[in-house]
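Below is coords-v1.cif, which holds mmCIF, C-alpha atoms and all ligand atoms.
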data_target
#
loop_
_atom_site.label_atom_id
_atom_site.label_comp_id
_atom_site.auth_asym_id
_atom_site.auth_seq_id
_atom_site.Cartn_x
_atom_site.Cartn_y
_atom_site.Cartn_z
CA MET X 1 109.53 101.76 114.66
CA THR X 2 113.09 103.10 114.79
CA HIS X 3 114.71 100.15 116.62
CA THR X 4 113.51 97.39 114.34
CA ALA X 5 115.96 94.93 112.78
CA PRO X 6 116.52 95.80 109.10
CA GLU X 7 115.22 92.46 107.80
CA THR X 8 111.80 93.06 109.26
CA ILE X 9 111.45 96.66 108.12
CA PHE X 10 109.37 95.79 105.08
CA ASP X 11 107.06 93.54 107.05
CA LEU X 12 106.62 96.29 109.54
CA ALA X 13 106.09 98.83 106.79
CA ALA X 14 103.45 96.58 105.28
CA SER X 15 101.61 96.14 108.56
CA ASP X 16 101.71 99.73 109.72
CA MET X 17 101.45 101.59 106.45
CA LYS X 18 100.43 105.21 106.17
CA PRO X 19 99.66 107.01 102.93
CA THR X 20 101.96 109.93 103.64
CA ARG X 21 105.19 111.47 102.43
CA GLU X 22 106.64 111.06 105.93
CA PHE X 23 106.01 107.36 105.79
CA ALA X 24 107.84 107.14 102.43
CA LEU X 25 110.80 109.02 103.87
CA TRP X 26 110.83 106.80 106.94
CA CYS X 27 110.88 103.67 104.78
CA ASP X 28 113.75 105.02 102.67
CA ALA X 29 115.71 105.94 105.79
CA HIS X 30 115.30 102.41 107.16
CA ASP X 31 115.54 100.51 103.89
CA PRO X 32 118.21 97.80 104.31
CA LEU X 33 118.52 97.64 100.51
CA ALA X 34 118.94 101.41 100.04
CA SER X 35 122.64 101.16 99.23
CA PHE X 36 121.93 99.09 96.10
CA ARG X 37 120.59 102.21 94.44
CA GLU X 38 124.16 103.56 94.50
CA ALA X 39 125.16 100.69 92.26
CA PHE X 40 122.94 101.98 89.43
CA GLU X 41 122.98 105.03 87.20
CA ILE X 42 119.72 106.89 87.71
CA PRO X 43 118.51 109.04 84.79
CA CYS X 44 118.01 112.71 85.68
CA ASP X 45 115.86 115.58 84.43
CA ALA X 46 117.25 118.74 82.81
CA LYS X 47 118.00 120.17 86.25
CA GLY X 48 120.00 117.12 87.24
CA GLU X 49 117.28 115.80 89.59
CA PRO X 50 116.90 112.01 89.54
CA LEU X 51 113.77 110.83 87.78
CA ALA X 52 111.30 108.59 89.57
CA TYR X 53 112.08 105.67 87.29
CA LEU X 54 109.15 103.24 87.35
CA VAL X 55 109.65 101.40 84.07
CA GLY X 56 112.07 98.67 85.13
CA ASN X 57 109.45 96.34 83.66
CA SER X 58 110.30 97.81 80.27
CA LEU X 59 114.01 98.61 80.44
CA GLY X 60 115.95 98.16 83.67
CA LEU X 61 118.62 100.69 84.63
CA MET X 62 122.31 100.33 84.06
CA ALA X 63 124.46 99.00 86.88
CA ARG X 64 127.43 101.33 87.36
CA ALA X 65 129.88 98.47 87.01
CA THR X 66 128.61 97.85 83.46
CA ARG X 67 130.97 100.33 81.84
CA ASP X 68 134.01 98.73 83.41
CA ARG X 69 132.85 95.24 82.55
CA VAL X 70 132.18 96.17 78.92
CA ASN X 71 135.47 98.07 78.74
CA GLU X 72 137.28 94.98 79.96
CA GLU X 73 135.91 93.03 77.00
CA LEU X 74 136.76 95.87 74.62
CA ASN X 75 140.28 95.97 76.03
CA ASP X 76 140.68 92.23 75.63
CA TRP X 77 139.50 92.53 72.04
CA SER X 78 141.81 95.46 71.28
CA THR X 79 144.87 93.93 72.91
CA MET X 80 144.40 90.26 72.14
CA GLY X 81 142.09 89.98 69.16
CA ALA X 82 141.02 86.39 68.60
CA GLU X 83 143.30 85.21 71.41
CA ALA X 84 140.76 86.57 73.89
CA HIS X 85 138.50 83.67 72.98
CA VAL X 86 140.84 81.55 75.07
CA HIS X 87 143.06 83.92 77.05
CA GLY X 88 140.72 86.81 77.79
CA ARG X 89 139.96 87.51 81.45
CA ARG X 90 136.58 85.87 80.84
CA PRO X 91 137.41 83.62 77.88
CA TRP X 92 134.78 84.16 75.21
CA ILE X 93 134.79 80.51 74.23
CA LYS X 94 132.99 79.63 77.44
CA TYR X 95 131.29 82.95 78.06
CA HIS X 96 127.81 81.49 78.51
CA GLU X 97 129.15 79.56 81.50
CA PHE X 98 129.57 82.76 83.49
CA PHE X 99 125.78 83.19 83.56
CA ARG X 100 124.71 79.72 84.61
CA GLU X 101 124.83 80.06 88.39
CA HIS X 102 122.97 83.36 88.38
CA LEU X 103 120.30 82.24 85.95
CA ALA X 104 119.80 79.02 87.91
CA GLU X 105 119.44 81.00 91.13
CA LEU X 106 116.89 83.39 89.63
CA THR X 107 114.79 80.74 87.91
CA GLY X 108 114.98 77.96 90.49
CA ALA X 109 116.69 75.67 88.01
CA LEU X 110 119.67 73.35 88.01
CA THR X 111 122.68 74.96 86.41
CA HIS X 112 122.61 72.65 83.38
CA GLU X 113 118.94 73.52 82.74
CA VAL X 114 119.53 77.18 81.84
CA ILE X 115 121.34 78.95 79.06
CA ALA X 116 121.81 82.61 78.09
CA MET X 117 121.19 82.86 74.36
CA ASN X 118 119.38 84.68 71.54
CA SER X 119 116.44 86.96 72.20
CA LEU X 120 113.10 86.09 73.74
CA THR X 121 110.89 85.55 70.69
CA VAL X 122 113.69 83.66 68.96
CA ASN X 123 113.91 81.33 71.95
CA LEU X 124 110.15 80.91 71.87
CA HIS X 125 110.41 79.67 68.28
CA PHE X 126 113.30 77.36 69.17
CA LEU X 127 111.38 75.87 72.07
CA LEU X 128 108.19 75.49 70.05
CA MET X 129 110.29 73.53 67.61
CA SER X 130 111.25 71.13 70.40
CA PHE X 131 108.04 70.98 72.40
CA TYR X 132 105.18 71.45 69.96
CA ARG X 133 105.22 68.08 68.22
CA PRO X 134 101.73 67.19 66.92
CA GLN X 135 103.41 64.94 64.38
CA ASP X 136 104.62 62.68 67.21
CA SER X 137 101.12 62.07 68.63
CA ALA X 138 98.79 59.30 67.48
CA ASN X 139 97.32 60.43 64.12
CA GLY X 140 98.53 63.93 64.93
CA SER X 141 95.65 64.19 67.40
CA ARG X 142 97.49 66.19 70.05
CA ARG X 143 97.79 69.51 68.26
CA ARG X 144 96.08 72.18 70.36
CA ILE X 145 97.92 74.95 72.19
CA VAL X 146 96.35 76.81 75.12
CA MET X 147 97.51 80.38 75.50
CA GLU X 148 95.81 83.57 76.63
CA ARG X 149 93.86 86.04 74.54
CA GLY X 150 95.75 88.97 76.00
CA ALA X 151 99.21 87.46 75.45
CA PHE X 152 102.03 89.79 74.43
CA PRO X 153 101.68 90.10 70.64
CA SER X 154 105.08 88.58 69.91
CA ASP X 155 104.08 85.37 71.73
CA ARG X 156 100.91 85.20 69.73
CA PHE X 157 102.75 85.81 66.46
CA ALA X 158 105.34 83.16 67.33
CA VAL X 159 102.73 80.55 68.24
CA HIS X 160 100.42 81.26 65.29
CA SER X 161 103.20 81.33 62.74
CA PHE X 162 104.72 78.17 64.14
CA VAL X 163 101.41 76.33 64.03
CA ARG X 164 101.00 77.41 60.40
CA ALA X 165 104.58 76.38 59.61
CA VAL X 166 103.87 72.81 60.70
CA GLY X 167 100.66 72.63 58.69
CA GLY X 168 98.15 73.57 61.39
CA ASP X 169 95.44 76.18 61.52
CA PRO X 170 95.78 78.63 64.42
CA SER X 171 92.08 79.44 64.33
CA VAL X 172 91.42 75.83 65.34
CA ASP X 173 94.61 74.73 67.03
CA VAL X 174 95.21 77.72 69.29
CA ILE X 175 92.73 77.94 72.13
CA GLU X 176 92.63 81.14 74.08
CA VAL X 177 91.71 81.66 77.69
CA ALA X 178 90.53 85.10 78.66
CA PRO X 179 89.38 86.97 81.75
CA ARG X 180 85.66 86.74 82.41
CA ASP X 181 83.41 89.56 81.23
CA GLY X 182 83.97 92.61 83.38
CA GLU X 183 87.23 91.23 84.82
CA GLU X 184 90.81 92.02 83.88
CA CYS X 185 92.72 89.06 85.27
CA LEU X 186 92.68 85.39 84.42
CA ARG X 187 91.14 82.91 86.81
CA HIS X 188 93.16 79.80 87.52
CA GLU X 189 90.04 77.65 87.57
CA ASP X 190 89.20 78.86 84.05
CA ILE X 191 92.66 77.96 82.78
CA GLU X 192 92.40 74.54 84.40
CA ALA X 193 88.91 73.99 83.00
CA THR X 194 90.15 74.83 79.49
CA ILE X 195 93.10 72.47 79.86
CA GLN X 196 90.80 69.67 81.01
CA ARG X 197 88.27 70.35 78.26
CA VAL X 198 90.91 70.14 75.53
CA GLY X 199 92.30 67.07 77.31
CA ASN X 200 94.07 64.56 75.12
CA GLU X 201 94.07 66.94 72.14
CA LEU X 202 96.25 69.34 74.10
CA ALA X 203 99.90 69.49 73.02
CA LEU X 204 101.11 72.53 74.89
CA VAL X 205 100.18 75.24 77.38
CA ILE X 206 102.15 78.43 76.98
CA LEU X 207 101.52 81.42 79.20
CA GLY X 208 103.27 84.41 80.72
CA GLY X 209 104.35 83.84 84.32
CA VAL X 210 103.57 87.49 84.99
CA GLN X 211 100.98 89.03 82.67
CA TYR X 212 102.57 92.04 80.97
CA TYR X 213 99.43 94.23 80.96
CA THR X 214 97.87 93.53 84.35
CA GLY X 215 100.94 92.45 86.32
CA GLN X 216 99.06 89.31 87.46
CA VAL X 217 101.36 86.50 88.62
CA LEU X 218 100.03 83.09 87.67
CA ASP X 219 100.40 80.04 89.88
CA MET X 220 102.90 78.38 87.57
CA ALA X 221 103.17 75.20 89.62
CA ARG X 222 99.40 74.69 89.53
CA ILE X 223 99.02 75.30 85.79
CA THR X 224 102.03 73.14 84.96
CA ARG X 225 100.46 70.32 86.99
CA ALA X 226 97.16 70.73 85.17
CA ALA X 227 98.88 70.56 81.77
CA HIS X 228 100.84 67.47 82.73
CA ALA X 229 97.72 65.81 84.12
CA VAL X 230 96.27 65.66 80.58
CA GLY X 231 99.58 64.61 79.04
CA ALA X 232 100.49 68.04 77.62
CA LYS X 233 103.70 70.03 77.89
CA CYS X 234 103.89 73.38 79.66
CA GLY X 235 106.18 76.31 78.82
CA TRP X 236 106.48 79.78 80.32
CA ASP X 237 107.30 83.25 79.01
CA LEU X 238 109.07 84.80 81.99
CA ALA X 239 109.80 88.23 80.49
CA HIS X 240 108.04 89.96 83.39
CA ALA X 241 108.77 87.32 85.99
CA ILE X 242 112.53 86.82 86.11
CA GLY X 243 114.17 89.09 88.66
CA ASN X 244 110.69 89.98 89.91
CA VAL X 245 109.07 86.96 91.55
CA THR X 246 110.20 83.66 93.05
CA LEU X 247 110.62 80.98 90.42
CA SER X 248 111.12 77.24 90.97
CA LEU X 249 111.10 75.95 87.43
CA HIS X 250 112.82 72.69 88.22
CA ASP X 251 110.57 71.76 91.13
CA TRP X 252 107.47 72.90 89.29
CA SER X 253 108.55 70.53 86.54
CA ALA X 254 108.00 73.10 83.79
CA ASP X 255 109.06 71.67 80.44
CA PHE X 256 110.63 74.87 79.21
CA ALA X 257 110.74 78.61 79.75
CA CYS X 258 112.29 81.65 78.15
CA TRP X 259 112.77 85.26 79.12
CA CYS X 260 114.39 88.51 78.11
CA SER X 261 117.07 90.24 80.14
CA TYR X 262 116.46 93.92 79.51
CA LYS X 263 113.63 94.35 82.02
CA TYR X 264 114.16 93.48 85.68
CA LEU X 265 117.54 91.88 84.94
CA ASN X 266 118.98 95.23 83.77
CA GLY X 267 120.88 93.61 80.90
CA GLY X 268 120.54 96.66 78.63
CA PRO X 269 118.60 97.25 75.42
CA GLY X 270 118.28 94.10 73.36
CA ALA X 271 120.31 92.13 75.92
CA VAL X 272 120.82 88.43 75.39
CA ALA X 273 117.83 86.42 76.58
CA GLY X 274 117.67 83.03 78.24
CA ALA X 275 116.01 79.66 78.22
CA PHE X 276 115.27 76.79 80.58
CA ILE X 277 114.83 73.19 79.48
CA HIS X 278 113.99 70.74 82.24
CA GLU X 279 116.66 68.09 82.70
CA ARG X 280 114.23 65.26 81.97
CA HIS X 281 114.38 66.39 78.31
CA HIS X 282 118.17 66.31 78.15
CA LYS X 283 118.87 62.62 77.80
CA ASN X 284 116.58 61.75 74.92
CA PRO X 285 116.02 65.27 73.70
CA PRO X 286 113.22 66.26 71.37
CA PRO X 287 114.27 67.51 67.94
CA ARG X 288 115.87 70.92 68.04
CA LEU X 289 117.34 73.43 65.64
CA GLU X 290 121.06 72.81 65.70
CA GLY X 291 124.16 74.93 65.30
CA TRP X 292 127.82 74.51 66.11
CA TRP X 293 127.65 76.24 69.50
CA GLY X 294 125.25 73.54 70.70
CA THR X 295 127.92 70.92 70.31
CA ASN X 296 130.23 69.45 72.88
CA PRO X 297 133.00 72.02 73.47
CA ALA X 298 135.57 69.22 73.70
CA THR X 299 134.93 68.14 70.10
CA ARG X 300 133.52 71.33 68.55
CA PHE X 301 136.74 72.42 66.90
CA GLN X 302 137.35 69.06 65.30
CA MET X 303 134.79 70.37 62.83
CA GLY X 304 133.28 66.93 62.32
CA PRO X 305 130.12 66.39 60.27
CA ASN X 306 128.00 65.00 63.12
CA PHE X 307 126.21 66.90 65.86
CA ASP X 308 127.79 65.83 69.14
CA PRO X 309 125.55 67.66 71.66
CA GLY X 310 126.89 69.76 74.49
CA PRO X 311 125.65 69.22 78.03
CA GLY X 312 122.04 69.95 78.99
CA ALA X 313 120.46 73.20 77.87
CA ASP X 314 123.75 74.22 76.22
CA ALA X 315 122.84 71.94 73.30
CA TRP X 316 120.00 74.34 72.35
CA GLN X 317 122.55 77.04 71.52
CA VAL X 318 123.10 77.70 67.86
CA SER X 319 125.64 80.48 67.42
CA ASN X 320 128.61 81.75 69.35
CA PRO X 321 127.35 84.31 71.90
CA PRO X 322 127.38 88.10 71.35
CA ILE X 323 129.81 88.94 74.12
CA LEU X 324 129.12 92.69 74.29
CA SER X 325 125.38 92.11 74.64
CA LEU X 326 125.93 89.65 77.45
CA THR X 327 128.45 91.51 79.57
CA PRO X 328 126.13 94.09 81.22
CA LEU X 329 124.18 91.24 82.78
CA LEU X 330 127.19 90.25 84.84
CA ALA X 331 127.22 93.63 86.53
CA SER X 332 123.52 93.40 87.34
CA PHE X 333 123.68 89.78 88.50
CA ASP X 334 126.24 90.78 91.14
CA GLN X 335 123.61 93.11 92.60
CA PHE X 336 120.88 90.47 92.58
CA HIS X 337 123.22 87.98 94.18
CA GLN X 338 124.06 90.35 97.02
CA ALA X 339 120.54 91.68 97.54
CA LYS X 340 118.78 88.27 97.37
CA MET X 341 115.37 87.80 95.79
CA PRO X 342 113.35 87.32 99.02
CA ARG X 343 114.49 90.72 100.31
CA LEU X 344 113.82 92.37 96.95
CA ILE X 345 110.37 90.83 96.87
CA ALA X 346 109.64 92.04 100.40
CA LYS X 347 110.57 95.59 99.41
CA ALA X 348 108.57 95.41 96.18
CA ARG X 349 105.51 94.28 98.16
CA ALA X 350 105.91 97.17 100.55
CA MET X 351 106.24 99.67 97.68
CA THR X 352 103.28 98.39 95.66
CA GLY X 353 101.23 98.20 98.88
CA PHE X 354 102.18 101.78 99.64
CA ILE X 355 101.18 103.02 96.18
CA GLU X 356 97.91 101.10 96.29
CA LEU X 357 96.96 102.29 99.76
CA SER X 358 97.81 105.89 98.92
CA LEU X 359 95.83 105.81 95.68
CA ARG X 360 92.88 104.23 97.46
CA THR X 361 92.97 106.97 100.05
CA ARG X 362 93.24 109.84 97.61
CA ASP X 363 92.01 108.75 94.19
CA ALA X 364 89.80 105.70 94.45
CA GLU X 365 87.19 107.34 92.26
CA HIS X 366 89.51 107.95 89.32
CA ILE X 367 92.17 105.27 89.50
CA ARG X 368 91.63 101.55 89.90
CA VAL X 369 94.46 99.10 90.46
CA ILE X 370 93.74 96.15 88.15
CA THR X 371 96.68 94.08 89.41
CA PRO X 372 95.45 91.48 91.91
CA SER X 373 95.71 92.66 95.50
CA SER X 374 97.02 89.38 96.90
CA THR X 375 100.82 89.44 97.26
CA SER X 376 101.07 85.94 95.82
CA GLU X 377 99.45 87.21 92.62
CA ARG X 378 101.55 90.32 92.03
CA GLY X 379 105.17 91.22 91.59
CA CYS X 380 106.50 94.76 91.56
CA GLN X 381 104.22 95.97 88.75
CA LEU X 382 100.96 97.76 89.38
CA SER X 383 98.64 98.48 86.48
CA LEU X 384 96.47 101.51 87.09
CA CYS X 385 93.29 101.84 85.12
CA ILE X 386 92.33 105.49 84.73
CA ASN X 387 88.56 105.71 85.01
CA ARG X 388 88.12 108.45 82.48
CA ASP X 389 87.86 108.50 78.74
CA PRO X 390 91.03 107.29 77.03
CA VAL X 391 91.99 110.79 75.85
CA ALA X 392 91.89 112.13 79.41
CA ALA X 393 93.80 109.05 80.61
CA ARG X 394 96.50 109.68 78.04
CA LYS X 395 96.64 113.33 79.04
CA LEU X 396 97.15 112.36 82.66
CA PHE X 397 99.96 110.01 81.62
CA ASP X 398 101.56 112.71 79.46
CA SER X 399 101.65 115.03 82.47
CA LEU X 400 103.87 112.64 84.44
CA LEU X 401 107.18 112.83 82.58
CA PRO X 402 107.41 116.64 82.82
CA ARG X 403 107.08 116.07 86.57
CA GLY X 404 109.99 113.67 86.57
CA ILE X 405 108.01 110.44 86.70
CA VAL X 406 108.72 107.71 84.17
CA CYS X 407 106.14 104.99 83.70
CA ASP X 408 104.36 103.66 80.64
CA PHE X 409 100.95 103.70 79.05
CA ARG X 410 99.05 100.82 77.55
CA HIS X 411 96.03 101.30 75.36
CA PRO X 412 93.29 102.27 76.09
CA SER X 413 93.77 103.70 79.60
CA VAL X 414 96.25 101.79 81.71
CA ILE X 415 99.36 103.29 83.28
CA ARG X 416 101.87 100.64 84.30
CA VAL X 417 104.22 101.42 87.16
CA ALA X 418 106.96 99.13 88.39
CA PRO X 419 109.02 100.19 91.38
CA ALA X 420 112.11 98.01 90.98
CA PRO X 421 113.38 97.27 94.48
CA LEU X 422 117.07 97.43 93.54
CA TYR X 423 116.94 101.13 92.76
CA THR X 424 113.48 102.61 93.37
CA ARG X 425 112.81 104.53 96.57
CA PHE X 426 109.56 104.94 98.45
CA ILE X 427 109.79 108.67 97.82
CA ASP X 428 109.73 107.94 94.08
CA CYS X 429 106.44 106.10 94.68
CA TRP X 430 105.17 109.10 96.60
CA ARG X 431 106.08 111.45 93.75
CA LEU X 432 103.95 109.29 91.47
CA ILE X 433 101.03 109.40 93.90
CA GLU X 434 101.19 113.17 94.19
CA ALA X 435 101.48 113.62 90.46
CA LEU X 436 98.50 111.36 89.80
CA SER X 437 96.42 113.27 92.31
C1 LIG M 501 105.81 89.13 77.62
C2 LIG M 501 106.72 89.43 76.47
N1 LIG M 501 106.91 88.49 75.52
C3 LIG M 501 107.70 88.74 74.46
C4 LIG M 501 108.36 89.93 74.30
C5 LIG M 501 109.22 90.16 73.09
O1 LIG M 501 110.56 90.21 73.42
P1 LIG M 501 111.75 90.24 72.34
O2 LIG M 501 111.59 91.49 71.55
O3 LIG M 501 112.96 90.31 73.21
O4 LIG M 501 111.66 89.02 71.53
C6 LIG M 501 108.20 90.93 75.28
C7 LIG M 501 108.89 92.23 75.16
O5 LIG M 501 108.74 93.14 75.91
C8 LIG M 501 107.36 90.66 76.39
O6 LIG M 501 107.15 91.59 77.33
#

Encoded form (structure tokens):
Amino acid sequence: MTHTAPETIFDLAASDMKPTREFALWCDAHDPLASFREAFEIPCDAKGEPLAYLVGNSLGLMARATRDRVNEELNDWSTMGAEAHVHGRRPWIKYHEFFREHLAELTGALTHEVIAMNSLTVNLHFLLMSFYRPQDSANGSRRRIVMERGAFPSDRFAVHSFVRAVGGDPSVDVIEVAPRDGEECLRHEDIEATIQRVGNELALVILGGVQYYTGQVLDMARITRAAHAVGAKCGWDLAHAIGNVTLSLHDWSADFACWCSYKYLNGGPGAVAGAFIHERHHKNPPPRLEGWWGTNPATRFQMGPNFDPGPGADAWQVSNPPILSLTPLLASFDQFHQAKMPRLIAKARAMTGFIELSLRTRDAEHIRVITPSSTSERGCQLSLCINRDPVAARKLFDSLLPRGIVCDFRHPSVIRVAPAPLYTRFIDCWRLIEALS
């Protein structure tokens, strides 16, 4: 094993995996991405020992360069004041442009299809405004939305409240797909069957690309095709997908997508989110909520009364961007750009495979991985169902942090763990396994 080229290490690790501490140490010693960990600040316990941080799916860690980047903006503000809008080192007036290339790379979009703006649920409302248009269909007949029963509550609240706001009734207009009895994950054939059944009454399909509770990755291309086949639009919540799995939003022909940046993108708490609007909607755009930052930058400061739209997705912006909440993303994007998603995905697969194999060997009776086992259906999150009563499951979870392991708990008895390949080591995964045993 020792003479293998670095690029193939994770494939090798996956094919010759052993549920042992030695194996974890070997993987860390041969990890071609190991140096990226140095680029992040790793939280430590009271003794100064680094925590096994497995909640990058909740809040990603801070890239070391973040402080300097934020300080640069603070310095520009303190030394230039408003002048920094134009003469700052990254002029604030076009700040959103510094994120385009990276967002396009991570979402598989064209650069004019993506925009960093607002927060996730806000973007969901904005995009519902543009893409849920029952009033434009014959006699308002296309008014149903397909989403999933287990959607993240904010998505559900956004969709239900929006349907009510335009005079609909969510109990009729929102159709939920759910896992079958006794199953945790959605079946693609069930989603497709629901889409076909609703047929020409279907306005919109809106789903999470990666399910937040189970970690299941949906086949976004397939579901988008199914929605389009009945004349509906398709939009994606990519909160748990961006920076985690391969995305090809443009080629999949998704109508829209939105995401947050504080999870795998390491943008910091409440970081500025993002949105994708396929270029086919740019030329004759649907109605949208407008604000001055969505206008053409060349005419914006003429302060005219008419909305002269900016290019592409930029026209969905409303307000001038919160610079200090955007800056940390730049530091993290540098790391993604250097590491490259395919390599990160290979490492994530090796780490989740390692955790799963080790749990199966030691704890199959008590802990069940509910995330699909196929690598095409999982990212770097594993959801572990503790086969005990919920109180005992919670107790097990509560015992992890004192042992230096950070993950999270979802009612009634699921522990979510997400080894983020930029900064998590195999030995961190091993610490989790030992603690769970
Ligand atoms: C899948 C999903 N959707 C929506 C949200 C809500 O995000 P925000 O508070 O940024 O609007 C979250 C937050 O974690 C999420 O995980």

Per residue of chain X within 8 Å of ligand LIG 501 (chain M), what are the shortest atom pair and its distance in Å to one decimal, counting only C-alpha atoms and all ligand atoms, with rows by chain and residue number, as JSON lines?
{"residue": "X:Ser58", "atom": "CA", "partner": "M:LIG501", "partner_atom": "O5", "distance": 6.6}
{"residue": "X:Ser119", "atom": "CA", "partner": "M:LIG501", "partner_atom": "O3", "distance": 4.9}
{"residue": "X:Leu120", "atom": "CA", "partner": "M:LIG501", "partner_atom": "O4", "distance": 3.9}
{"residue": "X:Thr121", "atom": "CA", "partner": "M:LIG501", "partner_atom": "O4", "distance": 3.7}
{"residue": "X:Val122", "atom": "CA", "partner": "M:LIG501", "partner_atom": "O4", "distance": 6.3}
{"residue": "X:Ala151", "atom": "CA", "partner": "M:LIG501", "partner_atom": "C1", "distance": 7.1}
{"residue": "X:Phe152", "atom": "CA", "partner": "M:LIG501", "partner_atom": "C1", "distance": 5.0}
{"residue": "X:Pro153", "atom": "CA", "partner": "M:LIG501", "partner_atom": "C3", "distance": 7.3}
{"residue": "X:Ser154", "atom": "CA", "partner": "M:LIG501", "partner_atom": "C3", "distance": 5.3}
{"residue": "X:Asp155", "atom": "CA", "partner": "M:LIG501", "partner_atom": "C3", "distance": 5.6}
{"residue": "X:Gly208", "atom": "CA", "partner": "M:LIG501", "partner_atom": "C1", "distance": 6.2}
{"residue": "X:Val210", "atom": "CA", "partner": "M:LIG501", "partner_atom": "C1", "distance": 7.9}
{"residue": "X:Gln211", "atom": "CA", "partner": "M:LIG501", "partner_atom": "C1", "distance": 7.0}
{"residue": "X:Tyr212", "atom": "CA", "partner": "M:LIG501", "partner_atom": "C1", "distance": 5.5}
{"residue": "X:Asp237", "atom": "CA", "partner": "M:LIG501", "partner_atom": "C1", "distance": 6.2}
{"residue": "X:Leu238", "atom": "CA", "partner": "M:LIG501", "partner_atom": "C1", "distance": 7.0}
{"residue": "X:Ala239", "atom": "CA", "partner": "M:LIG501", "partner_atom": "C1", "distance": 5.0}
{"residue": "X:His240", "atom": "CA", "partner": "M:LIG501", "partner_atom": "C1", "distance": 6.2}
{"residue": "X:Trp259", "atom": "CA", "partner": "M:LIG501", "partner_atom": "N1", "distance": 7.6}
{"residue": "X:Cys260", "atom": "CA", "partner": "M:LIG501", "partner_atom": "O3", "distance": 5.4}
{"residue": "X:Lys263", "atom": "CA", "partner": "M:LIG501", "partner_atom": "O5", "distance": 7.9}
{"residue": "X:Gly270", "atom": "CA", "partner": "M:LIG501", "partner_atom": "O3", "distance": 6.5}
{"residue": "X:Ala273", "atom": "CA", "partner": "M:LIG501", "partner_atom": "O3", "distance": 7.1}

Quick one: write out the picked residues with C-alpha atoms as a PDB file, keeping the file's coordinate frame?
ATOM      1  CA  SER X  58     110.300  97.810  80.270  1.00  0.00           C
ATOM      2  CA  SER X 119     116.440  86.960  72.200  1.00  0.00           C
ATOM      3  CA  LEU X 120     113.100  86.090  73.740  1.00  0.00           C
ATOM      4  CA  THR X 121     110.890  85.550  70.690  1.00  0.00           C
ATOM      5  CA  VAL X 122     113.690  83.660  68.960  1.00  0.00           C
ATOM      6  CA  ALA X 151      99.210  87.460  75.450  1.00  0.00           C
ATOM      7  CA  PHE X 152     102.030  89.790  74.430  1.00  0.00           C
ATOM      8  CA  PRO X 153     101.680  90.100  70.640  1.00  0.00           C
ATOM      9  CA  SER X 154     105.080  88.580  69.910  1.00  0.00           C
ATOM     10  CA  ASP X 155     104.080  85.370  71.730  1.00  0.00           C
ATOM     11  CA  GLY X 208     103.270  84.410  80.720  1.00  0.00           C
ATOM     12  CA  VAL X 210     103.570  87.490  84.990  1.00  0.00           C
ATOM     13  CA  GLN X 211     100.980  89.030  82.670  1.00  0.00           C
ATOM     14  CA  TYR X 212     102.570  92.040  80.970  1.00  0.00           C
ATOM     15  CA  ASP X 237     107.300  83.250  79.010  1.00  0.00           C
ATOM     16  CA  LEU X 238     109.070  84.800  81.990  1.00  0.00           C
ATOM     17  CA  ALA X 239     109.800  88.230  80.490  1.00  0.00           C
ATOM     18  CA  HIS X 240     108.040  89.960  83.390  1.00  0.00           C
ATOM     19  CA  TRP X 259     112.770  85.260  79.120  1.00  0.00           C
ATOM     20  CA  CYS X 260     114.390  88.510  78.110  1.00  0.00           C
ATOM     21  CA  LYS X 263     113.630  94.350  82.020  1.00  0.00           C
ATOM     22  CA  GLY X 270     118.280  94.100  73.360  1.00  0.00           C
ATOM     23  CA  ALA X 273     117.830  86.420  76.580  1.00  0.00           C
TER      24      ALA X 273
END

Task: Selection: 8 Å around Asp219 in chain X, all atoms listed in the file, excl. self and same-chain fewer than 2 positions, as a VMD selection string - done: chain X and resid 188 209 217 221 to 223 377

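Take the candidates X:Phe397, X:Tyr213, X:Tyr423, X:Phe301 and check each one against Gly150 in chain X using all atoms listed in the file; the shortest distance goes to X:Tyr213.
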
Please, what is the axis-aligned box for every listed atom of range 45-62 of chain X with 5 Å on each side, as centre and edge lengths in Å to one decimal, as lines of an AutoDock Vina configuration file?
center_x = 115.7
center_y = 108.3
center_z = 84.9
size_x = 23.2
size_y = 33.8
size_z = 19.3

Task: Residues within 9 Å of Arg37 in chain X, all atoms listed in the file, excluding chain neighbours under 5 positions, as a VMD selection string - done: chain X and resid 42 421 to 425

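In terms of minimum interatomic distance to Val406 in chain X, X:Pro419 ranks closest within X:Pro286, X:Gly48, X:Pro297, X:Pro419, counting all atoms listed in the file.
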
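Counting from CA of Thr224 in chain X, the distance to CA of Thr194 in chain X is 13.2 Å.
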
Show which residues sit within 12 Å of Ala178 in chain X, as a CSV table (one decimal) with C-alpha atoms, in the coordinates of the input. Count all atoms listed in the file, and ignore same-chain residues fewer than 5 positions away.
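Result file follows (result14.csv):
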chain,number,residue,atom,x,y,z
X,146,VAL,CA,96.4,76.8,75.1
X,147,MET,CA,97.5,80.4,75.5
X,148,GLU,CA,95.8,83.6,76.6
X,149,ARG,CA,93.9,86.0,74.5
X,150,GLY,CA,95.8,89.0,76.0
X,151,ALA,CA,99.2,87.5,75.4
X,183,GLU,CA,87.2,91.2,84.8
X,184,GLU,CA,90.8,92.0,83.9
X,185,CYS,CA,92.7,89.1,85.3
X,186,LEU,CA,92.7,85.4,84.4
X,187,ARG,CA,91.1,82.9,86.8
X,188,HIS,CA,93.2,79.8,87.5
X,189,GLU,CA,90.0,77.6,87.6
X,190,ASP,CA,89.2,78.9,84.0
X,191,ILE,CA,92.7,78.0,82.8
X,194,THR,CA,90.2,74.8,79.5
X,207,LEU,CA,101.5,81.4,79.2
X,211,GLN,CA,101.0,89.0,82.7
